[in-house]
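Q: What follows is a structure written as structure tokens; I'll ask about it next.
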Amino acid sequence: MARATGAGRRVSAGPPRTLRTGEGEAVLERLGLGLARLYDEPDAAAGREHRFFAASGRSLPPGIAAAVRQVSQDAASGSLLPRLSNPRTSLGAVVDLVAANPVLAGNVLKIANSPLYGLRAEIAAVEQAVAVVGLGNVRALVFAELLERAEVPGGPTRPARGAMWAHMAKTAVLARRIAPAFAGLDAGVAYTAGLLHDVGKLTLPAAGQSAAPWRPPAELAAYGVHHGLAGYAVCGGFDLPGNLSQAVCLHHAPSWVEIEDLEAGLADIRLALAVGMADTLALSLDGCDPGRLLPLCHSYRFLINEPILAEALADPALAVELSRATALVRVSRS
């Protein structure tokens, strides 16, 4: 099979990435367990606590605000994210943005030439590399650069940031895959929101952070803010579209509040719901006990086309896509 490149040359691709025997089935089984848990009776700990998710008028504690400024004012990565997140940005403009950033250009070329894509001819041009890697993965690499640079004093360590990126990469893939189950939701926007959903954790002290399902009272008591609100502030610093910022702020809301309590438009709620479900499903892949995952409030179920969702999560190709996303994390950090 051959893949066309931006320079007109055709590069022969190797066989598609495959999974070990039983690995794909195990992935789909864990996703099925996570989905079943999302449909359980709502957790007794959840309630009508819409104040947890009110972004407007809430001031951040001074230490968290300083960390938000440090993360969101990263000029190299922050200026790229809004342009790459704009669906009107042409492929040529993306190539120019990548080529202007030596670290990003090097990473894109390294990924394109890695065994992950199995190409038989070496790629030396950024334009070709972007065509091979794809826009979604370029976004992931931009965000990876941000995670590498975001060394907030007392914040997550480099290994912890690597684990965060692996989780967020899986969440992004799942959000893109399940997007058709939500009326009018753009799959590319869902992918970007999934990639950003836990960015607020970069601003919180490393002590006390864990992979356990999130509980807003605990984070508010420990830090004076939860990572969704902190992420909302970071996205504001990146000058990202409002729907992405809202999704980051609200991605845990469907497990805690009723829909009528949220001061958000229906389109924003659909996006946040898709990201929240993808986050929960990614946690199930990360080895979280399904019994500890938080189910949805019943009032959100009517927004989901459940047959389409079930079909997307049963597709064997999804396991390969998730495996490739995780491999991309490893290659870019090597």
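Letters for chains follow the order of the structure tokens (A, B, ...), residue numbers begin at 1 for each chain, and ligand numbers begin at 1 in the order shown.
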Can you pull out every residue within 8 Å of Ala67 in chain A, counting only C-alpha atoms, but drop anything in the same chain fewer than 6 positions away, and send it as a PyMOL selection string?

A: chain A and resi 152+202-204

Q: For each of A:Leu38, A:Ala222, A:Val130, A:Cys297, take the minimum atom-to-atom distance to Ile64 in chain A, counting only C-alpha atoms, then give the residue where this is smallest.

A: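 So, comparing all the options, the nearest one is A:Ala222.
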
Q: One number please: CA of Asp198 in chain A to CA of Pro115 in chain A, in Å, one decimal.

A: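 Calculated distance between CA of Asp198 in chain A and CA of Pro115 in chain A is 29.0 Å.
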
Q: Would you work out the distance separating CA of Asn137 in chain A from CA of Ala183 in chain A, expressed in Å to one decimal?

A: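 Computing the Euclidean distance for CA of Asn137 in chain A and CA of Ala183 in chain A yields 24.8 Å.
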
Q: Which residues are near Phe182 in chain A? Cut-off 12 Å, only C-alpha atoms, ignore same chain within fewer than 5 positions. Put them as a list in words.

A: Ala175, Arg176, Arg177, Ala187, Ala190, Leu266, Ala267, Asp268, Ile269, Arg270, Leu271, Ala272, Leu273, Ala274, Val275, Met277, Tyr300, Arg301, Phe302, Leu303, Ile304, Asn305, Glu306, Pro307, Ile308 and Leu309 of chain A

Q: Do you know which residues are at most 10 Å from His167 in chain A counting only C-alpha atoms, after dropping those on the same chain fewer than 3 positions away, and could you put them as a PyMOL selection string?

A: chain A and resi 161-164+170-172+194-195+198+211+279+282-283+285-286+325-326+329

Q: Nearest residue to Ala233 in chain A out of A:Ala181, A:Leu262, A:Cys249, A:Val126, using only C-alpha atoms?

A: A:Cys249

Q: Pick out each residue of range 157-322 of chain A that DSSP on the backbone tags as helix (DSSP H, G or I); I need them as number ranges by chain.

A: A: 158-181, 187-196, 199-203, 216-223, 227-237, 242-250, 253-255, 259-261, 266-285, 290-292, 298-303, 306-313, 316-322

Q: Interatomic distance between CA of Leu244 in chain A and CA of Gly134 in chain A?

A: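 CA of Leu244 in chain A sits 20.6 Å away from CA of Gly134 in chain A.
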
Q: Quick one: residues within 9 Å of Ile123 in chain A, only C-alpha atoms counted, chain neighbours fewer than 5 positions away excluded, as a PyMOL selection string?

A: chain A and resi 11+109+112-113+128-129

Q: Mind writing the picked residues with C-alpha atoms as an mmCIF file, in the first residue's frame?

A:
data_model
loop_
_atom_site.group_PDB
_atom_site.id
_atom_site.type_symbol
_atom_site.label_atom_id
_atom_site.label_comp_id
_atom_site.auth_asym_id
_atom_site.auth_seq_id
_atom_site.Cartn_x
_atom_site.Cartn_y
_atom_site.Cartn_z
ATOM 1 C CA VAL A 11 5.971 6.462 0.274
ATOM 2 C CA LEU A 109 9.848 13.675 11.671
ATOM 3 C CA ALA A 112 6.851 9.601 10.857
ATOM 4 C CA ASN A 113 10.080 7.611 10.476
ATOM 5 C CA GLN A 128 5.607 14.787 4.133
ATOM 6 C CA ALA A 129 5.884 13.987 7.832
#

Q: Would you mind listing what lies within 12 Å of Ala66 in chain A as a short mmCIF file (atom, residue, chain, number, x, y, z; two decimals) with C-alpha atoms, in the first residue's frame, with only C-alpha atoms counted and same-chain residues fewer than 2 positions away left out?

A:
data_model
loop_
_atom_site.label_atom_id
_atom_site.label_comp_id
_atom_site.auth_asym_id
_atom_site.auth_seq_id
_atom_site.Cartn_x
_atom_site.Cartn_y
_atom_site.Cartn_z
CA LEU A 60 -8.18 30.86 41.95
CA PRO A 61 -5.98 30.55 45.05
CA PRO A 62 -2.79 32.61 44.55
CA GLY A 63 -0.48 29.60 44.18
CA ILE A 64 -2.75 27.93 41.63
CA VAL A 68 -1.93 28.67 35.61
CA ARG A 69 -0.04 31.70 34.30
CA GLN A 70 3.17 29.69 34.01
CA VAL A 71 1.50 26.90 32.05
CA SER A 72 -0.77 29.00 29.86
CA GLN A 73 1.81 31.64 28.95
CA VAL A 152 5.53 24.05 37.85
CA PRO A 153 7.25 24.08 41.27
CA GLY A 155 3.59 20.17 40.35
CA LEU A 202 -0.44 20.54 35.71
CA THR A 203 -1.18 23.47 38.02
CA LEU A 204 -2.02 21.46 41.16
CA ALA A 230 -7.92 25.24 36.79
CA ALA A 233 -8.25 29.06 33.31
CA VAL A 234 -5.33 27.49 31.42
CA GLY A 237 -4.63 31.72 28.75
#

Q: Tell me which protein, DNA and RNA residues are within 6 Å of His252 in chain A, counting only C-alpha atoms, leaving out same-chain ones fewer than 2 positions away, and put them as a PyMOL selection string.

A: chain A and resi 250+254+276

Q: Let me see the file: selected residues, N, CA and C atoms, as a tab-separated table (two decimals), in the first residue's frame.

A:
chain	number	residue	atom	x	y	z
A	250	LEU	N	-16.19	21.28	32.50
A	250	LEU	CA	-17.39	20.51	32.83
A	250	LEU	C	-17.26	19.01	32.61
A	254	PRO	N	-21.18	15.52	34.35
A	254	PRO	CA	-22.27	14.55	34.17
A	254	PRO	C	-22.39	13.50	35.25
A	276	GLY	N	-16.25	13.53	29.11
A	276	GLY	CA	-16.36	12.87	30.39
A	276	GLY	C	-16.50	11.36	30.26
